[in-house]
Every structure is written in C-alpha cells, then in structure tokens.
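To be precise, the following lines are run-v6.cif, and they hold mmCIF, C-alpha atoms and all ligand atoms.
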data_target
#
loop_
_atom_site.group_PDB
_atom_site.id
_atom_site.type_symbol
_atom_site.label_atom_id
_atom_site.label_comp_id
_atom_site.auth_asym_id
_atom_site.auth_seq_id
_atom_site.Cartn_x
_atom_site.Cartn_y
_atom_site.Cartn_z
ATOM 1 C CA ALA A 291 46.767 72.850 7.057
ATOM 2 C CA ASP A 292 49.773 73.712 4.928
ATOM 3 C CA CYS A 293 53.020 75.508 5.921
ATOM 4 C CA ARG A 294 51.181 78.789 6.268
ATOM 5 C CA GLY A 295 48.480 77.294 8.449
ATOM 6 C CA GLU A 296 45.790 77.721 5.822
ATOM 7 C CA PRO A 297 42.883 75.313 6.208
ATOM 8 C CA ARG A 298 42.373 72.521 3.693
ATOM 9 C CA ARG A 299 39.542 73.037 1.273
ATOM 10 C CA HIS A 300 37.905 70.772 -1.254
ATOM 11 C CA PRO A 301 37.032 73.273 -3.955
ATOM 12 C CA THR A 302 35.805 70.895 -6.639
ATOM 13 C CA PRO A 303 33.454 67.922 -6.483
ATOM 14 C CA SER A 304 35.970 65.691 -8.267
ATOM 15 C CA LEU A 305 38.103 65.828 -5.130
ATOM 16 C CA ARG A 306 36.396 63.179 -3.055
ATOM 17 C CA CYS A 307 36.815 60.147 -0.834
ATOM 18 C CA SER A 308 36.174 56.529 -1.785
ATOM 19 C CA TYR A 309 36.823 52.973 -0.693
ATOM 20 C CA GLU A 310 39.039 51.156 -3.186
ATOM 21 C CA THR A 311 39.550 47.432 -3.660
ATOM 22 C CA ASN A 312 41.331 47.860 -6.981
ATOM 23 C CA GLY A 313 40.377 44.318 -7.963
ATOM 24 C CA SER A 314 42.820 43.025 -5.354
ATOM 25 C CA PRO A 315 41.901 40.174 -3.010
ATOM 26 C CA TYR A 316 44.106 41.814 -0.371
ATOM 27 C CA LEU A 317 41.751 44.785 -0.219
ATOM 28 C CA LEU A 318 38.398 42.971 -0.255
ATOM 29 C CA LEU A 319 38.025 42.746 3.502
ATOM 30 C CA GLN A 320 39.602 46.108 4.225
ATOM 31 C CA PRO A 321 39.410 48.496 1.273
ATOM 32 C CA ALA A 322 41.844 51.392 0.993
ATOM 33 C CA LYS A 323 40.401 54.745 2.120
ATOM 34 C CA ARG A 324 41.354 57.076 -0.669
ATOM 35 C CA GLU A 325 41.017 60.837 -0.605
ATOM 36 C CA THR A 326 41.778 62.559 -3.904
ATOM 37 C CA VAL A 327 43.750 65.618 -2.816
ATOM 38 C CA ARG A 328 44.529 67.158 -6.210
ATOM 39 C CA LEU A 329 44.089 66.326 -9.867
ATOM 40 C CA GLN A 330 47.029 68.133 -11.530
ATOM 41 C CA PRO A 331 49.315 66.692 -10.467
ATOM 42 C CA TYR A 332 47.267 63.713 -9.308
ATOM 43 C CA VAL A 333 47.795 63.284 -5.554
ATOM 44 C CA ALA A 334 45.882 60.802 -3.405
ATOM 45 C CA LEU A 335 45.958 60.439 0.365
ATOM 46 C CA TYR A 336 45.270 56.947 1.726
ATOM 47 C CA HIS A 337 43.988 57.228 5.277
ATOM 48 C CA ASP A 338 45.058 54.682 7.928
ATOM 49 C CA PHE A 339 47.478 53.112 5.473
ATOM 50 C CA VAL A 340 49.580 51.656 8.312
ATOM 51 C CA SER A 341 48.686 50.718 11.885
ATOM 52 C CA ASP A 342 50.373 52.322 14.896
ATOM 53 C CA ALA A 343 52.225 49.045 15.481
ATOM 54 C CA GLU A 344 53.499 48.928 11.882
ATOM 55 C CA ALA A 345 54.669 52.536 12.101
ATOM 56 C CA GLU A 346 56.576 51.756 15.301
ATOM 57 C CA THR A 347 58.118 48.647 13.731
ATOM 58 C CA VAL A 348 59.302 50.578 10.680
ATOM 59 C CA LYS A 349 60.951 53.251 12.848
ATOM 60 C CA ALA A 350 62.529 50.671 15.173
ATOM 61 C CA LEU A 351 63.951 48.680 12.248
ATOM 62 C CA ALA A 352 65.390 51.776 10.585
ATOM 63 C CA GLY A 353 66.711 53.461 13.740
ATOM 64 C CA PRO A 354 70.109 51.712 13.977
ATOM 65 C CA TRP A 355 70.824 52.282 10.264
ATOM 66 C CA LEU A 356 70.030 55.991 9.965
ATOM 67 C CA GLN A 357 72.628 58.068 8.144
ATOM 68 C CA ARG A 358 72.651 61.618 6.844
ATOM 69 C CA SER A 359 70.427 61.714 3.722
ATOM 70 C CA VAL A 360 71.934 62.343 0.317
ATOM 71 C CA VAL A 361 70.599 63.706 -2.958
ATOM 72 C CA ALA A 362 71.459 63.078 -6.588
ATOM 73 C CA SER A 363 74.092 65.509 -7.788
ATOM 74 C CA GLY A 364 75.298 64.919 -11.317
ATOM 75 C CA GLU A 365 76.266 61.259 -11.525
ATOM 76 C CA LYS A 366 76.848 60.988 -7.776
ATOM 77 C CA GLN A 367 74.928 61.107 -4.521
ATOM 78 C CA GLN A 368 75.941 63.607 -1.883
ATOM 79 C CA LYS A 369 74.850 65.545 1.189
ATOM 80 C CA ALA A 370 73.124 68.847 0.535
ATOM 81 C CA GLU A 371 72.006 71.812 2.630
ATOM 82 C CA TYR A 372 68.629 71.621 0.963
ATOM 83 C CA ARG A 373 67.866 68.191 2.397
ATOM 84 C CA ILE A 374 68.428 67.917 6.144
ATOM 85 C CA SER A 375 67.421 64.519 7.504
ATOM 86 C CA LYS A 376 68.703 61.038 8.219
ATOM 87 C CA SER A 377 67.537 57.971 6.347
ATOM 88 C CA ALA A 378 67.890 54.213 6.034
ATOM 89 C CA TRP A 379 66.799 51.623 3.484
ATOM 90 C CA LEU A 380 64.704 48.602 4.518
ATOM 91 C CA LYS A 381 64.496 45.472 2.365
ATOM 92 C CA ASP A 382 61.265 43.491 2.404
ATOM 93 C CA THR A 383 63.276 40.629 3.901
ATOM 94 C CA ALA A 384 64.171 42.787 6.939
ATOM 95 C CA ASP A 385 60.902 41.946 8.686
ATOM 96 C CA PRO A 386 57.481 40.462 7.838
ATOM 97 C CA ALA A 387 55.998 43.914 8.568
ATOM 98 C CA VAL A 388 57.998 45.415 5.697
ATOM 99 C CA ALA A 389 56.909 42.603 3.358
ATOM 100 C CA ALA A 390 53.270 43.197 4.345
ATOM 101 C CA LEU A 391 53.676 46.891 3.633
ATOM 102 C CA GLU A 392 55.080 46.165 0.180
ATOM 103 C CA ARG A 393 52.124 43.893 -0.614
ATOM 104 C CA ARG A 394 49.742 46.654 0.453
ATOM 105 C CA ILE A 395 51.550 49.238 -1.679
ATOM 106 C CA ALA A 396 51.310 46.905 -4.680
ATOM 107 C CA ALA A 397 47.601 46.235 -4.062
ATOM 108 C CA VAL A 398 46.646 49.869 -3.574
ATOM 109 C CA THR A 399 48.687 51.279 -6.479
ATOM 110 C CA GLY A 400 48.158 48.353 -8.844
ATOM 111 C CA LEU A 401 51.880 48.621 -9.665
ATOM 112 C CA ASP A 402 54.680 46.058 -9.652
ATOM 113 C CA VAL A 403 56.924 46.927 -6.711
ATOM 114 C CA ARG A 404 59.147 43.845 -6.787
ATOM 115 C CA ALA A 405 62.876 44.442 -7.299
ATOM 116 C CA PRO A 406 64.113 45.990 -9.529
ATOM 117 C CA TYR A 407 60.837 47.753 -10.337
ATOM 118 C CA ALA A 408 60.913 49.713 -7.090
ATOM 119 C CA GLU A 409 63.553 50.832 -4.633
ATOM 120 C CA TYR A 410 63.742 49.487 -1.092
ATOM 121 C CA LEU A 411 61.655 51.333 1.491
ATOM 122 C CA GLN A 412 63.468 54.523 2.485
ATOM 123 C CA VAL A 413 62.751 55.549 6.082
ATOM 124 C CA VAL A 414 63.495 59.210 6.763
ATOM 125 C CA ASN A 415 63.870 60.995 10.113
ATOM 126 C CA TYR A 416 63.861 64.805 10.390
ATOM 127 C CA GLY A 417 65.005 66.416 13.627
ATOM 128 C CA LEU A 418 64.320 70.005 14.703
ATOM 129 C CA GLY A 419 64.814 72.249 11.697
ATOM 130 C CA GLY A 420 65.009 69.246 9.380
ATOM 131 C CA HIS A 421 63.505 69.929 5.979
ATOM 132 C CA TYR A 422 63.622 69.178 2.268
ATOM 133 C CA GLU A 423 63.501 72.178 -0.017
ATOM 134 C CA PRO A 424 61.482 72.053 -3.266
ATOM 135 C CA HIS A 425 62.627 69.151 -5.452
ATOM 136 C CA PHE A 426 61.493 66.453 -7.843
ATOM 137 C CA ASP A 427 61.635 62.784 -6.887
ATOM 138 C CA HIS A 428 62.280 61.754 -10.496
ATOM 139 C CA ALA A 429 65.584 62.193 -12.298
ATOM 140 C CA THR A 430 65.816 65.346 -14.396
ATOM 141 C CA SER A 431 69.134 64.394 -16.022
ATOM 142 C CA GLY A 432 69.941 61.261 -17.970
ATOM 143 C CA LYS A 433 73.110 60.862 -15.888
ATOM 144 C CA SER A 434 71.284 60.624 -12.565
ATOM 145 C CA PRO A 435 72.359 57.797 -10.241
ATOM 146 C CA LEU A 436 68.655 56.839 -10.167
ATOM 147 C CA TYR A 437 69.217 55.077 -13.479
ATOM 148 C CA ARG A 438 71.775 52.697 -11.979
ATOM 149 C CA MET A 439 68.953 50.263 -11.221
ATOM 150 C CA LYS A 440 68.322 50.024 -14.966
ATOM 151 C CA SER A 441 64.578 50.106 -14.455
ATOM 152 C CA GLY A 442 63.880 53.597 -15.773
ATOM 153 C CA ASN A 443 62.904 56.743 -13.938
ATOM 154 C CA ARG A 444 60.775 57.045 -10.778
ATOM 155 C CA ILE A 445 57.258 56.845 -12.154
ATOM 156 C CA ALA A 446 55.484 57.253 -8.801
ATOM 157 C CA THR A 447 56.046 57.994 -5.123
ATOM 158 C CA VAL A 448 54.288 56.493 -2.122
ATOM 159 C CA MET A 449 55.137 58.428 1.028
ATOM 160 C CA ILE A 450 53.918 57.093 4.361
ATOM 161 C CA TYR A 451 53.744 59.346 7.419
ATOM 162 C CA VAL A 452 55.019 57.067 10.180
ATOM 163 C CA SER A 453 55.459 59.875 12.721
ATOM 164 C CA ALA A 454 53.524 59.966 15.952
ATOM 165 C CA CYS A 455 53.248 63.719 15.808
ATOM 166 C CA VAL A 456 53.509 65.563 12.533
ATOM 167 C CA SER A 457 53.230 69.261 13.199
ATOM 168 C CA ALA A 458 51.333 71.410 10.709
ATOM 169 C CA ALA A 459 54.574 73.167 9.916
ATOM 170 C CA ALA A 460 56.132 69.887 8.773
ATOM 171 C CA ALA A 461 53.535 69.276 6.088
ATOM 172 C CA SER A 462 54.638 68.361 2.594
ATOM 173 C CA VAL A 463 53.771 70.984 0.073
ATOM 174 C CA PHE A 464 53.126 70.854 -3.663
ATOM 175 C CA ARG A 465 53.693 74.241 -5.265
ATOM 176 C CA GLY A 466 51.931 76.056 -2.452
ATOM 177 C CA ALA A 467 48.974 73.717 -2.164
ATOM 178 C CA GLY A 468 49.457 71.421 0.801
ATOM 179 C CA GLY A 469 49.772 67.703 0.768
ATOM 180 C CA PRO A 470 48.456 67.216 4.277
ATOM 181 C CA ALA A 471 50.694 65.409 6.750
ATOM 182 C CA LEU A 472 48.482 62.936 8.520
ATOM 183 C CA GLN A 473 49.731 60.274 10.892
ATOM 184 C CA ASN A 474 49.671 56.731 9.427
ATOM 185 C CA ALA A 475 48.430 57.997 6.056
ATOM 186 C CA ALA A 476 50.166 57.476 2.716
ATOM 187 C CA LEU A 477 50.447 60.081 -0.008
ATOM 188 C CA PHE A 478 50.610 58.814 -3.611
ATOM 189 C CA TRP A 479 51.511 60.737 -6.752
ATOM 190 C CA TRP A 480 52.774 60.152 -10.280
ATOM 191 C CA ASN A 481 56.114 61.851 -10.947
ATOM 192 C CA LEU A 482 56.015 61.163 -14.672
ATOM 193 C CA ARG A 483 53.340 61.739 -17.256
ATOM 194 C CA ARG A 484 52.053 58.756 -19.223
ATOM 195 C CA ASN A 485 54.517 59.548 -22.015
ATOM 196 C CA GLY A 486 57.425 59.240 -19.562
ATOM 197 C CA ALA A 487 58.219 62.948 -19.328
ATOM 198 C CA GLY A 488 58.777 64.403 -15.853
ATOM 199 C CA ASP A 489 55.715 66.253 -14.547
ATOM 200 C CA GLY A 490 56.921 69.723 -13.515
ATOM 201 C CA ASP A 491 53.843 70.131 -11.322
ATOM 202 C CA THR A 492 55.164 67.529 -8.878
ATOM 203 C CA LEU A 493 57.719 69.936 -7.396
ATOM 204 C CA HIS A 494 57.292 69.486 -3.649
ATOM 205 C CA ALA A 495 58.968 70.128 -0.317
ATOM 206 C CA ALA A 496 58.958 69.201 3.361
ATOM 207 C CA CYS A 497 58.584 72.272 5.555
ATOM 208 C CA PRO A 498 61.036 72.604 8.468
ATOM 209 C CA VAL A 499 60.138 70.673 11.608
ATOM 210 C CA LEU A 500 59.422 73.196 14.384
ATOM 211 C CA ALA A 501 58.684 70.825 17.265
ATOM 212 C CA GLY A 502 59.467 67.193 17.984
ATOM 213 C CA ASP A 503 60.632 65.132 15.035
ATOM 214 C CA LYS A 504 59.116 63.742 11.870
ATOM 215 C CA TRP A 505 59.351 60.358 10.163
ATOM 216 C CA VAL A 506 58.267 59.346 6.680
ATOM 217 C CA ALA A 507 58.804 56.190 4.630
ATOM 218 C CA ASN A 508 59.230 56.534 0.861
ATOM 219 C CA LYS A 509 58.583 53.856 -1.741
ATOM 220 C CA TRP A 510 59.803 54.915 -5.154
ATOM 221 C CA ILE A 511 58.339 52.915 -8.002
ATOM 222 C CA HIS A 512 60.132 52.832 -11.348
ATOM 223 C CA GLU A 513 58.845 52.851 -14.929
ATOM 224 C CA HIS A 514 59.841 49.344 -15.904
ATOM 225 C CA GLY A 515 57.307 46.673 -14.979
ATOM 226 C CA GLN A 516 54.414 49.133 -15.194
ATOM 227 C CA GLU A 517 54.025 49.120 -18.998
ATOM 228 C CA PHE A 518 50.689 47.298 -18.880
ATOM 229 C CA ARG A 519 49.644 48.717 -15.508
ATOM 230 C CA ARG A 520 49.962 52.334 -16.563
ATOM 231 C CA PRO A 521 49.986 52.322 -20.358
ATOM 232 C CA CYS A 522 50.538 55.430 -22.444
ATOM 233 C CA GLY A 523 47.621 57.679 -23.269
ATOM 234 C CA PRO A 524 45.942 58.092 -26.661
ATOM 235 C CA ARG A 525 47.946 61.234 -27.437
ATOM 236 C CA PRO A 526 51.760 61.386 -27.402
ATOM 237 C CA GLU A 527 51.640 64.489 -25.187
ATOM 238 C CA ASP A 528 49.604 62.768 -22.435
HETATM 239 O O1 LIG B 601 59.044 64.539 4.223
HETATM 240 C C1 LIG B 601 58.264 64.996 3.385
HETATM 241 O O2 LIG B 601 57.185 65.491 3.708
HETATM 242 C C2 LIG B 601 58.661 64.965 1.941
HETATM 243 C C3 LIG B 601 59.831 64.045 1.681
HETATM 244 C C4 LIG B 601 60.234 63.992 0.259
HETATM 245 O O3 LIG B 601 59.727 64.698 -0.557
HETATM 246 C C5 LIG B 601 61.251 63.035 -0.160
HETATM 247 O O4 LIG B 601 61.817 62.337 0.707
HETATM 248 O O5 LIG B 601 61.516 62.930 -1.367
HETATM 249 FE FE FE B 602 60.302 64.149 -2.493
#
Can the structure in the file be given as structure tokens, please?
Ligand SMILES: O=C(O)CCC(=O)C(=O)O
Ligand SMILES: [Fe+2]
Amino acid sequence: ADCRGEPRRHPTPSLRCSYETNGSPYLLLQPAKRETVRLQPYVALYHDFVSDAEAETVKALAGPWLQRSVVASGEKQQKAEYRISKSAWLKDTADPAVAALERRIAAVTGLDVRAPYAEYLQVVNYGLGGHYEPHFDHATSGKSPLYRMKSGNRIATVMIYVSACVSAAAASVFRGAGGPALQNAALFWWNLRRNGAGDGDTLHAACPVLAGDKWVANKWIHEHGQEFRRPCGPRPED
C-alpha cells in the first residue's frame, strides 16, 4: 500500500518476479528474489535481502552514532525541515555483517561498490512524525557536496528496510506510485540515465511515520567505476 492506503497492483506483464544470480558465484546457492516494481523509472524490490539478525546488527551498530540527518544545500550540508530523521554512516570495516552486506549489494547490482565508487552505508532512523519530503538522491547542482568524493554523481540507490515494523504510512513513494516498504527488503533504482543526466522521474519521498519508528539503510553508488558495468546506450539521449 502507498501513503494513501491504495493497494499495490501489477498492471503490466513486464512487472514480474524472478530469481537472479547475475553471473555471481555469491548468488548461485541463494539467488536474489527480484520484483520489478516499475519500469520508468526502473525500480526493483529485492525480497528478503537481509536476515532479521543482519537488520538487528545494522541498527545496533548505528545506534550510538546517530545524529540529526543533513541534506545538501548549495556547497554545504545542513539540517532541513524537509528531512526529519537521524542517521549514521557505517564502514564495511565496522563489522563483518556490514562487509557481507556490501558484497551482496555488489553481487545483486553488478556494480562496483568499493570506495570511492560508493558511499559508506547510511543507516537512517525516523521517529514519530519523521519523514523526508520529495527529493532526488543525485546532485542537481555541480557545486553539490556529493562531488567531494570525486567519483561523479550518485548513479544508483540501494535502500534496505531494516525496520521491524514499517507502517503503510511510512512507505517510500515515487511520484504518487508507491515503492512498497517491506521489512528486510531492498529497493533499487537508477538515479541517472545512461547518458549521466539526472532522471527527473526518480523524485521520491518517505511518508511521515505515524506509529513506532522506521529504519532504512542507504547505499549510494557513484558513476565512476561503473563505466563498463552500465555503459551508455546507443543514442545520446538514452
Ligand atoms: O526512508 C525512505 O523511505 C526514503 C529515504 C530516502 O529517500 C533517502 O534517505 O534518501
Ligand atoms: Fe532518497
């Protein structure tokens, strides 16, 4: 269900579920369970992406480091009314569970997530009323602090729902059509088109939490390192 409680529908046959090994030895014994949620923008939901134990570990590791979340504002990062949550960054060296998660993200996406091609794992906690109003994950200005890593813009997002209870009203929403919030699942989408331009269709939001709290973990993957993994399309406008 999305913010408005409307049921999820699969209106076209191209939106389907499949097991994916992606040519990765890591996924041979336990393929990823992919549900294609939308095509434009492309959004996939990977069911059972983390175990309950991994989700608990991620929250426990992040807990002591949580600080009010910031957003990019000009060349700086600052607090904003439109993003109410706390967050913390976890390096893959923080715990073997984080390293395992990174390997799984790399296997499932087929992308290079080693530093500096991806940011550390950002663990986010929303309390009552916490939310994130419509925004893009990629930089929309050349001056954005996102470019400090010198590895280009954020080409893709992997967002893992590590919450025990994600209320319907805390679902993440893409321009009205819901990205379902499902415990232990991971949502994947491309923020940029193949030509590197920001995809305006990826505008999305986190609805306010009405009961309990909500946790997600974001992995932002950058353009550099993916040149041969996601090459440009045949037409410049792709
Ligand atoms: O919490 C959500 O559902 C969305 C979070 C998000 O979009 C972000 O952290 O960039
Ligand atoms: Fe976002």
If you count all atoms listed in the file, the residue of A:Glu517, A:Glu423, A:Glu344, A:Glu527 closest to A:Ala495 turns out to be A:Glu423
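A distance cut-off of 8 Å from ligand LIG 601 (chain B), applied to only C-alpha atoms and all ligand atoms, picks out the residues Val414, Tyr416, His421, Tyr422, His425, Phe426, Asp427, Met449, Tyr451, Ala460, Ala461, Ser462, Val463, Ala471, His494, Ala495, Ala496, Cys497, Lys504, Trp505, Val506, Ala507 and Asn508 of chain A.
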Write out the residues from the selection above, keeping C-alpha atoms, as an mmCIF file, in the coordinates of the input.
data_model
loop_
_atom_site.group_PDB
_atom_site.id
_atom_site.type_symbol
_atom_site.label_atom_id
_atom_site.label_comp_id
_atom_site.auth_asym_id
_atom_site.auth_seq_id
_atom_site.Cartn_x
_atom_site.Cartn_y
_atom_site.Cartn_z
ATOM 1 C CA VAL A 414 63.495 59.210 6.763
ATOM 2 C CA TYR A 416 63.861 64.805 10.390
ATOM 3 C CA HIS A 421 63.505 69.929 5.979
ATOM 4 C CA TYR A 422 63.622 69.178 2.268
ATOM 5 C CA HIS A 425 62.627 69.151 -5.452
ATOM 6 C CA PHE A 426 61.493 66.453 -7.843
ATOM 7 C CA ASP A 427 61.635 62.784 -6.887
ATOM 8 C CA MET A 449 55.137 58.428 1.028
ATOM 9 C CA TYR A 451 53.744 59.346 7.419
ATOM 10 C CA ALA A 460 56.132 69.887 8.773
ATOM 11 C CA ALA A 461 53.535 69.276 6.088
ATOM 12 C CA SER A 462 54.638 68.361 2.594
ATOM 13 C CA VAL A 463 53.771 70.984 0.073
ATOM 14 C CA ALA A 471 50.694 65.409 6.750
ATOM 15 C CA HIS A 494 57.292 69.486 -3.649
ATOM 16 C CA ALA A 495 58.968 70.128 -0.317
ATOM 17 C CA ALA A 496 58.958 69.201 3.361
ATOM 18 C CA CYS A 497 58.584 72.272 5.555
ATOM 19 C CA LYS A 504 59.116 63.742 11.870
ATOM 20 C CA TRP A 505 59.351 60.358 10.163
ATOM 21 C CA VAL A 506 58.267 59.346 6.680
ATOM 22 C CA ALA A 507 58.804 56.190 4.630
ATOM 23 C CA ASN A 508 59.230 56.534 0.861
#
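Residues having any atom no farther than 8 Å from (42.2, 55.9, 3.5) (counting all atoms listed in the file) are Tyr309, Ala322, Lys323, Arg324, Glu325, Leu335, Tyr336, His337, Asp338, Phe339 and Ala475 of chain A.
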With distances taken over all atoms listed in the file, which residue among A:Ala370, A:Val361, A:Val340, A:Ala384 lies nearest ligand FE 602 (chain B)? A:Val361
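Here atom CA of A:Leu493 and atom CA of A:Gln330 stand 11.6 Å from one another.
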Run the PyMOL selection byres (((chain A and resi 313-315) around 10) and not hetatm) against the file shown and list the residues it catches, as a ChimeraX atom specification. /A:310-312,316-321,394,396-398,400
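Remark: for ligand FE 602 (chain B), the closest of the candidate residues A:His514, A:Arg393, A:Arg373, A:Arg520 is A:Arg373 (distances computed over all atoms listed in the file).
Taking all atoms listed in the file into account, ligand FE 602 (chain B) lies nearest to A:Ala446 out of the set A:Leu305, A:Ala446, A:Val403, A:Ala334.
Closest approach to A:Tyr332 from the set A:Leu500, A:Glu513, A:Pro526, A:Arg483 is made by A:Arg483, with distances taken over all atoms listed in the file.
Proximity to A:Ala345 was assessed for A:Ala476, A:Ala501, A:Arg525, A:Val452 counting only C-alpha atoms; the smallest distance is recorded for A:Val452.
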Evaluating the PyMOL selection byres (((chain A and resi 364) around 12) and not hetatm) on the displayed file yields which residues, as a list in words? Val361, Ala362, Ser363, Glu365, Lys366, Gln367, Gln368, Ala429, Thr430, Ser431, Gly432, Lys433, Ser434, Pro435, Leu436 and Tyr437 of chain A
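As for atom CA of A:Tyr407 and atom CA of A:Ile445, they are spaced 9.9 Å apart.
Run against this file, the PyMOL selection byres (((chain A and resi 439) around 10) and not hetatm) gives back Ala405, Pro406, Tyr407, Ala408, Glu409, Pro435, Leu436, Tyr437, Arg438, Lys440, Ser441, Gly442, Asn443 and His512 of chain A.
Across the structure, atom CA of A:Arg519 and atom CA of A:Thr492 are spaced 20.7 Å apart.
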Centre and edges of the stretch 312-315 of chain A box, axis-aligned, 8 Å extra per side, as lines of an AutoDock Vina configuration file:
center_x = 41.6
center_y = 44.0
center_z = -5.5
size_x = 18.4
size_y = 23.7
size_z = 21.0
